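The file upload.pdb contains PDB, C-alpha atoms:
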```pdb
ATOM      1  CA  MET A   8     -87.324 106.821 256.823
ATOM      2  CA  LEU A   9     -84.962 107.884 254.025
ATOM      3  CA  LYS A  10     -84.645 105.844 250.881
ATOM      4  CA  LEU A  11     -81.479 106.319 248.876
ATOM      5  CA  THR A  12     -79.032 104.351 246.787
ATOM      6  CA  LEU A  13     -75.413 103.388 247.436
ATOM      7  CA  ASN A  14     -73.580 102.337 244.280
ATOM      8  CA  GLY A  15     -76.925 101.659 242.649
ATOM      9  CA  GLU A  16     -78.219  99.458 245.484
ATOM     10  CA  PRO A  17     -81.212 100.603 247.563
ATOM     11  CA  LYS A  18     -80.432 101.648 251.133
ATOM     12  CA  GLU A  19     -82.556 102.952 253.980
ATOM     13  CA  LEU A  20     -81.726 105.272 256.838
ATOM     14  CA  SER A  21     -84.006 105.786 259.820
ATOM     15  CA  ALA A  22     -83.404 109.544 259.762
ATOM     16  CA  SER A  23     -81.345 112.129 257.969
ATOM     17  CA  ILE A  24     -77.756 111.713 259.108
ATOM     18  CA  SER A  25     -74.448 113.088 257.937
ATOM     19  CA  LEU A  26     -72.452 111.350 255.235
ATOM     20  CA  ASP A  27     -69.653 110.384 257.614
ATOM     21  CA  LYS A  28     -72.133 108.658 259.940
ATOM     22  CA  ALA A  29     -73.765 106.860 257.023
ATOM     23  CA  ILE A  30     -70.397 105.633 255.799
ATOM     24  CA  ALA A  31     -69.565 104.410 259.288
ATOM     25  CA  GLN A  32     -72.848 102.522 259.244
ATOM     26  CA  TRP A  33     -72.239 100.982 255.819
ATOM     27  CA  GLN A  34     -68.666 100.001 256.723
ATOM     28  CA  PRO A  35     -66.988  99.905 253.309
ATOM     29  CA  THR A  36     -63.978  97.602 253.391
ATOM     30  CA  ALA A  37     -62.014  99.601 250.806
ATOM     31  CA  GLU A  38     -58.908 101.149 252.300
ATOM     32  CA  LYS A  39     -59.027 104.054 249.833
ATOM     33  CA  PHE A  40     -62.259 105.458 248.466
ATOM     34  CA  ALA A  41     -63.909 108.663 247.324
ATOM     35  CA  VAL A  42     -67.558 109.670 247.377
ATOM     36  CA  ALA A  43     -69.951 111.537 245.109
ATOM     37  CA  VAL A  44     -73.531 112.418 246.015
ATOM     38  CA  ASN A  45     -75.992 113.054 243.192
ATOM     39  CA  GLY A  46     -73.121 113.269 240.739
ATOM     40  CA  GLU A  47     -71.138 115.838 242.729
ATOM     41  CA  PHE A  48     -67.797 114.977 244.317
ATOM     42  CA  VAL A  49     -67.750 115.350 248.101
ATOM     43  CA  PRO A  50     -64.258 115.948 249.528
ATOM     44  CA  ARG A  51     -63.457 113.814 252.553
ATOM     45  CA  GLY A  52     -63.306 116.878 254.774
ATOM     46  CA  GLU A  53     -66.942 117.655 253.951
ATOM     47  CA  TYR A  54     -68.452 114.301 254.988
ATOM     48  CA  ALA A  55     -69.437 115.513 258.446
ATOM     49  CA  ASN A  56     -71.165 118.616 257.063
ATOM     50  CA  LEU A  57     -73.260 116.900 254.413
ATOM     51  CA  MET A  58     -76.677 115.732 255.607
ATOM     52  CA  LEU A  59     -78.112 113.015 253.414
ATOM     53  CA  GLN A  60     -81.567 113.553 251.928
ATOM     54  CA  ASP A  61     -84.299 111.279 250.660
ATOM     55  CA  ASN A  62     -83.545 109.900 247.156
ATOM     56  CA  ASP A  63     -79.857 110.793 247.319
ATOM     57  CA  GLN A  64     -77.685 108.744 244.988
ATOM     58  CA  ILE A  65     -74.325 107.968 246.525
ATOM     59  CA  GLU A  66     -71.318 106.628 244.646
ATOM     60  CA  LEU A  67     -68.467 105.220 246.715
ATOM     61  CA  LEU A  68     -65.587 104.339 244.424
ATOM     62  CA  SER A  69     -62.315 102.598 245.156
ATOM     63  CA  ALA A  70     -59.050 101.882 243.341
ATOM     64  CA  ILE A  71     -59.090  99.355 240.555
ATOM     65  CA  VAL A  72     -56.968  98.300 237.595
ATOM     66  CA  GLY A  73     -57.232 100.529 234.538
ATOM     67  CA  GLY A  74     -55.806 101.064 231.088
TER      68      GLY A  74
ATOM     69  CA  MET B   1     -34.281 111.610 231.973
ATOM     70  CA  TRP B   2     -37.140 113.587 230.486
ATOM     71  CA  GLU B   3     -39.931 115.632 231.999
ATOM     72  CA  ILE B   4     -43.704 115.413 231.719
ATOM     73  CA  GLY B   5     -46.389 116.886 233.911
ATOM     74  CA  GLY B   6     -43.795 118.290 236.302
ATOM     75  CA  LYS B   7     -42.098 114.933 236.909
ATOM     76  CA  LYS B   8     -38.804 113.558 235.667
ATOM     77  CA  LEU B   9     -38.964 110.064 234.186
ATOM     78  CA  ASN B  10     -36.504 107.590 232.740
ATOM     79  CA  SER B  11     -38.892 105.468 230.704
ATOM     80  CA  ARG B  12     -41.046 106.651 227.817
ATOM     81  CA  LEU B  13     -43.379 103.678 228.162
ATOM     82  CA  PHE B  14     -46.607 104.187 230.113
ATOM     83  CA  ILE B  15     -48.275 100.912 231.023
ATOM     84  CA  GLY B  16     -51.822  99.952 231.967
ATOM     85  CA  SER B  17     -52.662  97.810 234.976
ATOM     86  CA  ALA B  18     -55.762  96.018 233.646
ATOM     87  CA  MET B  19     -56.509  92.616 232.111
ATOM     88  CA  TYR B  20     -53.507  90.684 233.428
ATOM     89  CA  PRO B  21     -54.011  87.039 234.404
ATOM     90  CA  SER B  22     -53.225  87.988 238.009
ATOM     91  CA  LEU B  23     -52.073  90.924 240.100
ATOM     92  CA  ASP B  24     -48.731  89.222 240.546
ATOM     93  CA  ILE B  25     -48.214  88.960 236.775
ATOM     94  CA  MET B  26     -49.270  92.600 236.501
ATOM     95  CA  ARG B  27     -46.609  93.545 239.032
ATOM     96  CA  GLN B  28     -43.932  91.463 237.276
ATOM     97  CA  SER B  29     -44.898  92.901 233.880
ATOM     98  CA  VAL B  30     -44.689  96.478 235.118
ATOM     99  CA  ALA B  31     -41.288  95.717 236.596
ATOM    100  CA  SER B  32     -39.960  94.144 233.398
ATOM    101  CA  SER B  33     -41.317  97.026 231.284
ATOM    102  CA  GLU B  34     -39.272  99.439 233.431
ATOM    103  CA  ALA B  35     -42.156 101.890 233.049
ATOM    104  CA  ASP B  36     -42.279 104.820 235.450
ATOM    105  CA  VAL B  37     -46.017 105.425 235.051
ATOM    106  CA  ILE B  38     -48.965 103.071 235.457
ATOM    107  CA  THR B  39     -52.604 103.823 234.689
ATOM    108  CA  VAL B  40     -55.275 103.078 237.294
ATOM    109  CA  SER B  41     -58.997 103.632 237.654
ATOM    110  CA  LEU B  42     -61.971 103.854 240.011
ATOM    111  CA  ARG B  43     -65.020 101.645 240.230
ATOM    112  CA  ARG B  44     -67.796 100.685 242.600
ATOM    113  CA  GLN B  45     -66.899  97.995 245.083
ATOM    114  CA  THR B  46     -68.418  94.756 243.729
ATOM    115  CA  SER B  47     -67.921  91.030 244.141
ATOM    116  CA  GLU B  48     -66.082  91.050 240.809
ATOM    117  CA  HIS B  49     -63.801  94.010 241.486
ATOM    118  CA  GLY B  50     -63.455  93.499 245.227
ATOM    119  CA  ASP B  51     -62.674  96.456 247.427
ATOM    120  CA  GLY B  52     -59.433  97.379 245.663
ATOM    121  CA  ASN B  53     -57.277  96.697 248.701
ATOM    122  CA  ALA B  54     -55.228  93.925 247.071
ATOM    123  CA  PHE B  55     -54.674  96.052 243.970
ATOM    124  CA  TRP B  56     -53.754  99.034 246.114
ATOM    125  CA  ALA B  57     -51.189  96.957 247.993
ATOM    126  CA  HIS B  58     -49.610  95.814 244.718
ATOM    127  CA  ILE B  59     -49.307  99.282 243.195
ATOM    128  CA  LYS B  60     -47.929 100.735 246.423
ATOM    129  CA  ASP B  61     -45.199  98.087 246.270
ATOM    130  CA  LEU B  62     -44.306  99.178 242.733
ATOM    131  CA  ASN B  63     -43.428 102.693 243.944
ATOM    132  CA  ILE B  64     -44.409 104.099 240.553
ATOM    133  CA  ASN B  65     -46.191 107.241 239.316
ATOM    134  CA  LEU B  66     -49.947 106.784 239.057
ATOM    135  CA  LEU B  67     -52.009 108.104 236.171
ATOM    136  CA  PRO B  68     -55.702 107.681 237.037
ATOM    137  CA  ASN B  69     -58.144 107.539 234.145
ATOM    138  CA  THR B  70     -61.769 108.487 233.640
ATOM    139  CA  ALA B  71     -62.522 105.388 231.571
ATOM    140  CA  GLY B  72     -66.187 104.743 230.929
ATOM    141  CA  CYS B  73     -67.274 108.390 231.134
ATOM    142  CA  PHE B  74     -69.534 109.629 228.354
ATOM    143  CA  SER B  75     -69.980 113.240 229.430
ATOM    144  CA  ALA B  76     -67.823 116.089 230.650
ATOM    145  CA  LYS B  77     -69.795 116.136 233.894
ATOM    146  CA  GLU B  78     -69.101 112.458 234.648
ATOM    147  CA  ALA B  79     -65.445 112.836 233.736
ATOM    148  CA  ILE B  80     -64.969 115.910 235.931
ATOM    149  CA  THR B  81     -66.530 114.220 238.962
ATOM    150  CA  THR B  82     -64.489 111.049 238.371
ATOM    151  CA  ALA B  83     -61.291 113.090 238.055
ATOM    152  CA  GLN B  84     -62.011 114.862 241.332
ATOM    153  CA  MET B  85     -62.591 111.517 243.055
ATOM    154  CA  ALA B  86     -59.411 110.089 241.531
ATOM    155  CA  ARG B  87     -57.367 113.022 242.770
ATOM    156  CA  GLU B  88     -58.466 112.284 246.324
ATOM    157  CA  VAL B  89     -57.989 108.505 246.142
ATOM    158  CA  PHE B  90     -54.663 108.476 244.305
ATOM    159  CA  ASP B  91     -53.290 111.736 245.671
ATOM    160  CA  THR B  92     -52.203 113.115 242.301
ATOM    161  CA  ASN B  93     -53.347 115.957 240.062
ATOM    162  CA  TRP B  94     -52.544 113.858 236.960
ATOM    163  CA  ILE B  95     -55.593 112.656 235.082
ATOM    164  CA  LYS B  96     -55.865 110.629 231.900
ATOM    165  CA  LEU B  97     -59.016 112.258 230.628
ATOM    166  CA  GLU B  98     -61.240 109.916 228.651
ATOM    167  CA  VAL B  99     -64.651 111.058 227.489
ATOM    168  CA  ILE B 100     -66.048 108.514 225.095
ATOM    169  CA  GLY B 101     -68.406 109.430 222.276
ATOM    170  CA  ASP B 102     -69.051 106.097 220.599
ATOM    171  CA  GLU B 103     -69.552 102.743 222.308
ATOM    172  CA  TYR B 104     -68.309 100.592 219.444
ATOM    173  CA  THR B 105     -65.037 102.351 218.643
ATOM    174  CA  LEU B 106     -64.593 104.010 222.039
ATOM    175  CA  GLN B 107     -63.722 107.092 220.034
ATOM    176  CA  PRO B 108     -63.305 110.171 222.234
ATOM    177  CA  ASP B 109     -66.032 112.819 222.115
ATOM    178  CA  PRO B 110     -64.024 115.906 221.132
ATOM    179  CA  PHE B 111     -66.617 118.413 222.333
ATOM    180  CA  GLN B 112     -67.127 116.894 225.783
ATOM    181  CA  LEU B 113     -63.381 116.288 226.073
ATOM    182  CA  LEU B 114     -62.593 119.950 225.444
ATOM    183  CA  GLU B 115     -65.246 121.092 227.911
ATOM    184  CA  ALA B 116     -63.935 118.771 230.639
ATOM    185  CA  THR B 117     -60.344 119.747 229.895
ATOM    186  CA  LYS B 118     -61.045 123.447 230.404
ATOM    187  CA  GLU B 119     -62.766 122.843 233.727
ATOM    188  CA  LEU B 120     -60.165 120.437 235.088
ATOM    189  CA  ILE B 121     -57.259 122.685 234.156
ATOM    190  CA  SER B 122     -59.010 125.533 235.992
ATOM    191  CA  GLN B 123     -59.118 123.211 239.027
ATOM    192  CA  GLY B 124     -55.373 122.571 238.912
ATOM    193  CA  PHE B 125     -55.289 119.201 237.161
ATOM    194  CA  GLU B 126     -52.512 118.137 234.806
ATOM    195  CA  VAL B 127     -54.695 116.811 232.015
ATOM    196  CA  PHE B 128     -53.507 113.969 229.790
ATOM    197  CA  PRO B 129     -56.332 114.003 227.223
ATOM    198  CA  TYR B 130     -57.036 110.804 225.314
ATOM    199  CA  CYS B 131     -57.974 112.325 221.976
ATOM    200  CA  THR B 132     -58.211 111.592 218.293
ATOM    201  CA  ASP B 133     -55.453 112.706 215.946
ATOM    202  CA  ASP B 134     -57.567 115.624 214.682
ATOM    203  CA  LEU B 135     -55.290 118.627 214.240
ATOM    204  CA  VAL B 136     -57.921 121.244 215.083
ATOM    205  CA  LEU B 137     -59.068 119.444 218.231
ATOM    206  CA  CYS B 138     -55.469 119.100 219.391
ATOM    207  CA  ASP B 139     -54.862 122.785 218.747
ATOM    208  CA  LYS B 140     -57.907 123.707 220.833
ATOM    209  CA  LEU B 141     -56.805 121.411 223.675
ATOM    210  CA  ILE B 142     -53.440 123.183 223.712
ATOM    211  CA  THR B 143     -55.156 126.570 223.681
ATOM    212  CA  ALA B 144     -57.204 125.365 226.662
ATOM    213  CA  GLY B 145     -53.950 124.820 228.541
ATOM    214  CA  CYS B 146     -52.883 121.239 227.819
ATOM    215  CA  ASN B 147     -49.152 120.583 227.904
ATOM    216  CA  ILE B 148     -49.696 116.962 226.937
ATOM    217  CA  LEU B 149     -51.730 115.274 224.212
ATOM    218  CA  MET B 150     -52.445 111.573 223.858
ATOM    219  CA  PRO B 151     -53.883 110.894 220.405
ATOM    220  CA  TRP B 152     -54.987 107.377 219.651
ATOM    221  CA  GLY B 153     -53.008 105.086 217.380
ATOM    222  CA  ALA B 154     -56.150 103.033 216.795
ATOM    223  CA  PRO B 155     -59.273 102.229 218.845
ATOM    224  CA  ILE B 156     -58.583 100.866 222.331
ATOM    225  CA  GLY B 157     -57.712  97.184 222.416
ATOM    226  CA  THR B 158     -57.657  96.656 218.648
ATOM    227  CA  GLY B 159     -53.920  96.163 218.263
ATOM    228  CA  LYS B 160     -54.022  97.725 214.802
ATOM    229  CA  GLY B 161     -51.036  99.991 215.352
ATOM    230  CA  LEU B 162     -50.831 103.465 213.874
ATOM    231  CA  MET B 163     -53.848 103.881 211.583
ATOM    232  CA  ASN B 164     -52.844 107.342 210.426
ATOM    233  CA  PRO B 165     -49.105 108.007 210.636
ATOM    234  CA  TYR B 166     -49.570 111.112 208.472
ATOM    235  CA  ALA B 167     -51.843 112.734 211.063
ATOM    236  CA  LEU B 168     -49.512 111.803 213.922
ATOM    237  CA  ARG B 169     -46.485 113.145 212.062
ATOM    238  CA  THR B 170     -48.397 116.357 211.414
ATOM    239  CA  LEU B 171     -49.125 116.748 215.128
ATOM    240  CA  ARG B 172     -45.448 116.241 215.929
ATOM    241  CA  ASN B 173     -44.361 118.779 213.342
ATOM    242  CA  ARG B 174     -46.925 121.371 214.391
ATOM    243  CA  PHE B 175     -46.708 121.041 218.170
ATOM    244  CA  THR B 176     -43.006 120.810 218.852
ATOM    245  CA  ASP B 177     -43.194 122.010 222.485
ATOM    246  CA  ILE B 178     -46.017 119.712 223.612
ATOM    247  CA  ASN B 179     -45.528 116.252 225.102
ATOM    248  CA  LEU B 180     -47.126 113.832 222.658
ATOM    249  CA  LEU B 181     -47.881 110.216 223.517
ATOM    250  CA  VAL B 182     -49.642 107.667 221.367
ATOM    251  CA  ASP B 183     -52.328 106.134 223.554
ATOM    252  CA  ALA B 184     -54.269 103.038 222.572
ATOM    253  CA  GLY B 185     -54.446 100.674 219.650
ATOM    254  CA  LEU B 186     -50.880  99.415 219.698
ATOM    255  CA  GLY B 187     -50.506  95.673 219.216
ATOM    256  CA  ALA B 188     -46.814  94.949 218.714
ATOM    257  CA  PRO B 189     -43.554  96.488 219.903
ATOM    258  CA  SER B 190     -42.894  97.531 216.296
ATOM    259  CA  HIS B 191     -45.939  99.823 216.540
ATOM    260  CA  ALA B 192     -44.393 101.508 219.572
ATOM    261  CA  THR B 193     -41.118 101.818 217.695
ATOM    262  CA  GLN B 194     -42.913 103.463 214.782
ATOM    263  CA  ALA B 195     -44.561 106.015 217.092
ATOM    264  CA  MET B 196     -41.252 106.840 218.695
ATOM    265  CA  GLU B 197     -39.534 107.131 215.301
ATOM    266  CA  LEU B 198     -42.095 109.819 214.469
ATOM    267  CA  GLY B 199     -40.735 111.806 217.387
ATOM    268  CA  PHE B 200     -43.450 111.062 219.916
ATOM    269  CA  ASP B 201     -42.361 111.487 223.515
ATOM    270  CA  GLY B 202     -43.852 108.213 224.658
ATOM    271  CA  VAL B 203     -46.511 105.568 224.247
ATOM    272  CA  LEU B 204     -49.220 104.258 226.525
ATOM    273  CA  LEU B 205     -50.607 100.754 226.190
ATOM    274  CA  ASN B 206     -52.201  97.968 228.141
ATOM    275  CA  THR B 207     -53.942  95.249 226.147
ATOM    276  CA  ALA B 208     -50.981  94.316 223.923
ATOM    277  CA  ILE B 209     -48.953  93.384 226.984
ATOM    278  CA  ALA B 210     -51.654  92.083 229.315
ATOM    279  CA  GLU B 211     -53.357  89.817 226.758
ATOM    280  CA  SER B 212     -50.190  88.338 225.269
ATOM    281  CA  HIS B 213     -49.325  84.755 226.160
ATOM    282  CA  ASP B 214     -46.417  85.965 228.265
ATOM    283  CA  PRO B 215     -47.086  89.499 229.534
ATOM    284  CA  VAL B 216     -43.784  89.723 231.411
ATOM    285  CA  LEU B 217     -41.810  88.965 228.251
ATOM    286  CA  MET B 218     -44.002  91.189 226.070
ATOM    287  CA  ALA B 219     -43.415  94.042 228.505
ATOM    288  CA  GLU B 220     -39.699  93.646 227.820
ATOM    289  CA  GLY B 221     -40.433  93.661 224.103
ATOM    290  CA  PHE B 222     -42.266  96.979 224.350
ATOM    291  CA  ARG B 223     -39.567  98.389 226.606
ATOM    292  CA  ASP B 224     -36.985  97.620 223.933
ATOM    293  CA  GLY B 225     -39.240  98.741 221.081
ATOM    294  CA  VAL B 226     -39.729 102.159 222.660
ATOM    295  CA  ARG B 227     -35.992 102.545 223.183
ATOM    296  CA  ALA B 228     -35.241 101.499 219.614
ATOM    297  CA  GLY B 229     -37.679 104.027 218.194
ATOM    298  CA  ARG B 230     -36.423 106.833 220.400
ATOM    299  CA  ASN B 231     -32.810 106.149 219.444
ATOM    300  CA  ALA B 232     -33.762 106.072 215.769
ATOM    301  CA  TYR B 233     -35.552 109.418 216.063
ATOM    302  CA  LEU B 234     -32.585 111.027 217.785
ATOM    303  CA  ALA B 235     -30.109 109.513 215.336
ATOM    304  CA  GLY B 236     -32.146 110.538 212.283
ATOM    305  CA  VAL B 237     -33.726 107.958 210.019
ATOM    306  CA  ILE B 238     -32.457 108.234 206.422
ATOM    307  CA  PRO B 239     -34.889 109.418 203.759
ATOM    308  CA  GLU B 240     -36.361 106.772 201.468
ATOM    309  CA  ARG B 241     -35.021 106.441 197.914
ATOM    310  CA  ASP B 242     -36.677 104.821 194.951
ATOM    311  CA  MET B 243     -33.478 103.465 193.408
ATOM    312  CA  ALA B 244     -30.720 101.341 194.873
ATOM    313  CA  GLN B 245     -27.533 102.936 196.100
ATOM    314  CA  ALA B 246     -24.613 100.589 196.644
ATOM    315  CA  SER B 247     -23.283 100.655 200.176
ATOM    316  CA  THR B 248     -19.981  98.980 199.306
ATOM    317  CA  PRO B 249     -17.544 101.407 197.595
ATOM    318  CA  THR B 250     -17.491 101.003 193.809
ATOM    319  CA  VAL B 251     -14.042 102.536 193.338
ATOM    320  CA  GLY B 252     -11.383  99.834 193.199
ATOM    321  CA  LYS B 253     -13.679  96.933 192.584
ATOM    322  CA  PRO B 254     -11.976  93.945 190.902
ATOM    323  CA  PHE B 255     -12.602  92.409 187.476
ATOM    324  CA  TRP B 256     -13.156  95.838 185.910
ATOM    325  CA  HIS B 257     -11.283  96.665 182.711
ATOM    326  CA  LYS B 258     -11.182  99.765 180.525
ATOM    327  CA  GLN B 259     -12.618  98.972 177.121
TER     328      GLN B 259
END
```
Turn the structure described in the file into structure tokens.
Amino acid sequence: MLKLTLNGEPKELSASISLDKAIAQWQPTAEKFAVAVNGEFVPRGEYANLMLQDNDQIELLSAIVGG
Amino acid sequence: MWEIGGKKLNSRLFIGSAMYPSLDIMRQSVASSEADVITVSLRRQTSEHGDGNAFWAHIKDLNINLLPNTAGCFSAKEAITTAQMAREVFDTNWIKLEVIGDEYTLQPDPFQLLEATKELISQGFEVFPYCTDDLVLCDKLITAGCNILMPWGAPIGTGKGLMNPYALRTLRNRFTDINLLVDAGLGAPSHATQAMELGFDGVLLNTAIAESHDPVLMAEGFRDGVRAGRNAYLAGVIPERDMAQASTPTVGKPFWHKQ
């Protein structure tokens, strides 16, 4: 069992899986988003190659108003 | 038309997308401002912010250039990661680089800003640094590769206008080939006019429009204020005099008799 956080909220995964599979599991509704793991940006093309680890901190950010 | 960051624009007003009473009023305000650039941001998906889909639909409809920001970042590292994420989401290499050093004034951290600027330029970003009006900092940002500087007029959201016109005028006089925009602190269209009269290439603001009683009308006010200031700069504002100088010709005036 892996314990990690998604946008600051605790999440669990039964085993280490790739980022793209984890995202498919979490089903974000945002049409456009980008991801960072442990403070490092992960380009979309790298999702399938990145295996998530215990204690990983994932940020999934989407478009919002800004000044 | 004028050019900034590799794009040709008509308007010299950059407008923020935050704090409007509704997304529809935001869209109407942007339209009435006739701005060609709108600032946007990234956040976690929350119940308050939603998933961004409605906002995304509105800004796509505007068919306008997007300038993503790194608002809320307090370190170069955070700002760099946020900029990279913004480039992927918004599909642009433009980044309004904000690295804050003080929570109360939201004053930029010049050291972290310079560090982030160097890294992002090396990664191919067109950096629009939100900076103070410090001459030495601005010089170092240009040396780092910035073609654009965005010194503050006053702290974000204060509406104080140009706190230090002398410093802004100095930047204009010293950096004639750099695009200069006043970013933040403007409260009234007259403040935008003043910045443009100094020879600034544009202004960026959000709160003064979004928090007015009628954002759509205020957007028109700023649109006109920017135009007025630009025209005045191009036409050449007369120097101040201490003593009056009659504008009506004195030769031939009536009721005058030789003694």
### Query
How would you write, as number ranges by chain, the residues chosen by the PyMOL selection byres ((chain B) within 6 of (chain A)) on this structure?
B: 16-18, 39-44, 51-53, 81, 85, 89, 206
Written selection (C-alpha atoms) as a PDB file, keeping the file's coordinate frame:
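Contents of selection.pdb, freshly written:
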```
ATOM      1  CA  GLY B  16     -51.822  99.952 231.967  1.00  0.00           C
ATOM      2  CA  SER B  17     -52.662  97.810 234.976  1.00  0.00           C
ATOM      3  CA  ALA B  18     -55.762  96.018 233.646  1.00  0.00           C
ATOM      4  CA  THR B  39     -52.604 103.823 234.689  1.00  0.00           C
ATOM      5  CA  VAL B  40     -55.275 103.078 237.294  1.00  0.00           C
ATOM      6  CA  SER B  41     -58.997 103.632 237.654  1.00  0.00           C
ATOM      7  CA  LEU B  42     -61.971 103.854 240.011  1.00  0.00           C
ATOM      8  CA  ARG B  43     -65.020 101.645 240.230  1.00  0.00           C
ATOM      9  CA  ARG B  44     -67.796 100.685 242.600  1.00  0.00           C
ATOM     10  CA  ASP B  51     -62.674  96.456 247.427  1.00  0.00           C
ATOM     11  CA  GLY B  52     -59.433  97.379 245.663  1.00  0.00           C
ATOM     12  CA  ASN B  53     -57.277  96.697 248.701  1.00  0.00           C
ATOM     13  CA  THR B  81     -66.530 114.220 238.962  1.00  0.00           C
ATOM     14  CA  MET B  85     -62.591 111.517 243.055  1.00  0.00           C
ATOM     15  CA  VAL B  89     -57.989 108.505 246.142  1.00  0.00           C
ATOM     16  CA  ASN B 206     -52.201  97.968 228.141  1.00  0.00           C
TER      17      ASN B 206
END
```
So which residues are close to (-53.3, 101.1, 211.7), meaning at most 10 Å away in the file's coordinates with all atoms listed in the file counted, and can you show them as a CSV table (one decimal) with C-alpha atoms, in the coordinates of the input?
```
chain,number,residue,atom,x,y,z
B,153,GLY,CA,-53.0,105.1,217.4
B,154,ALA,CA,-56.2,103.0,216.8
B,155,PRO,CA,-59.3,102.2,218.8
B,158,THR,CA,-57.7,96.7,218.6
B,159,GLY,CA,-53.9,96.2,218.3
B,160,LYS,CA,-54.0,97.7,214.8
B,161,GLY,CA,-51.0,100.0,215.4
B,162,LEU,CA,-50.8,103.5,213.9
B,163,MET,CA,-53.8,103.9,211.6
B,164,ASN,CA,-52.8,107.3,210.4
B,165,PRO,CA,-49.1,108.0,210.6
B,185,GLY,CA,-54.4,100.7,219.6
B,186,LEU,CA,-50.9,99.4,219.7
B,187,GLY,CA,-50.5,95.7,219.2
B,191,HIS,CA,-45.9,99.8,216.5
```
### Residue neighbourhood Leu234 of chain B, 10 Å, all atoms listed in the file, exclusion window fewer than 3 positions, as JSON, numbers by chain
{"B": [196, 197, 199, 229, 230, 231, 237]}
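You will find atom CA of Pro254 of chain B at 27.3 Å from atom CA of Asp242 of chain B.
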Name the residues in contact with Gln32 of chain A at a cut-off of 12 Å, using only C-alpha atoms, excluding same-chain residues fewer than 4 positions from it; report them as a JSON list (two decimals) with C-alpha atoms, keeping the file's coordinate frame.
```json
[["chain", "number", "residue", "atom", "x", "y", "z"],
["A", 18, "LYS", "CA", -80.43, 101.65, 251.13],
["A", 19, "GLU", "CA", -82.56, 102.95, 253.98],
["A", 20, "LEU", "CA", -81.73, 105.27, 256.84],
["A", 21, "SER", "CA", -84.01, 105.79, 259.82],
["A", 24, "ILE", "CA", -77.76, 111.71, 259.11],
["A", 25, "SER", "CA", -74.45, 113.09, 257.94],
["A", 26, "LEU", "CA", -72.45, 111.35, 255.24],
["A", 27, "ASP", "CA", -69.65, 110.38, 257.61],
["A", 28, "LYS", "CA", -72.13, 108.66, 259.94],
["A", 36, "THR", "CA", -63.98, 97.60, 253.39]]
```
### Query
So how many Å separate atom CA of Met150 of chain B and atom CA of Trp56 of chain B, to one decimal?
25.6 Å
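Atom to atom, atom CA of Leu113 of chain B and atom CA of Ala79 of chain B stand 8.7 Å apart.
The residues caught by the PyMOL selection byres ((chain A and resi 62) around 7) in this file are Lys10, Leu11, Gln60, Asp61, Asp63 and Gln64 of chain A.
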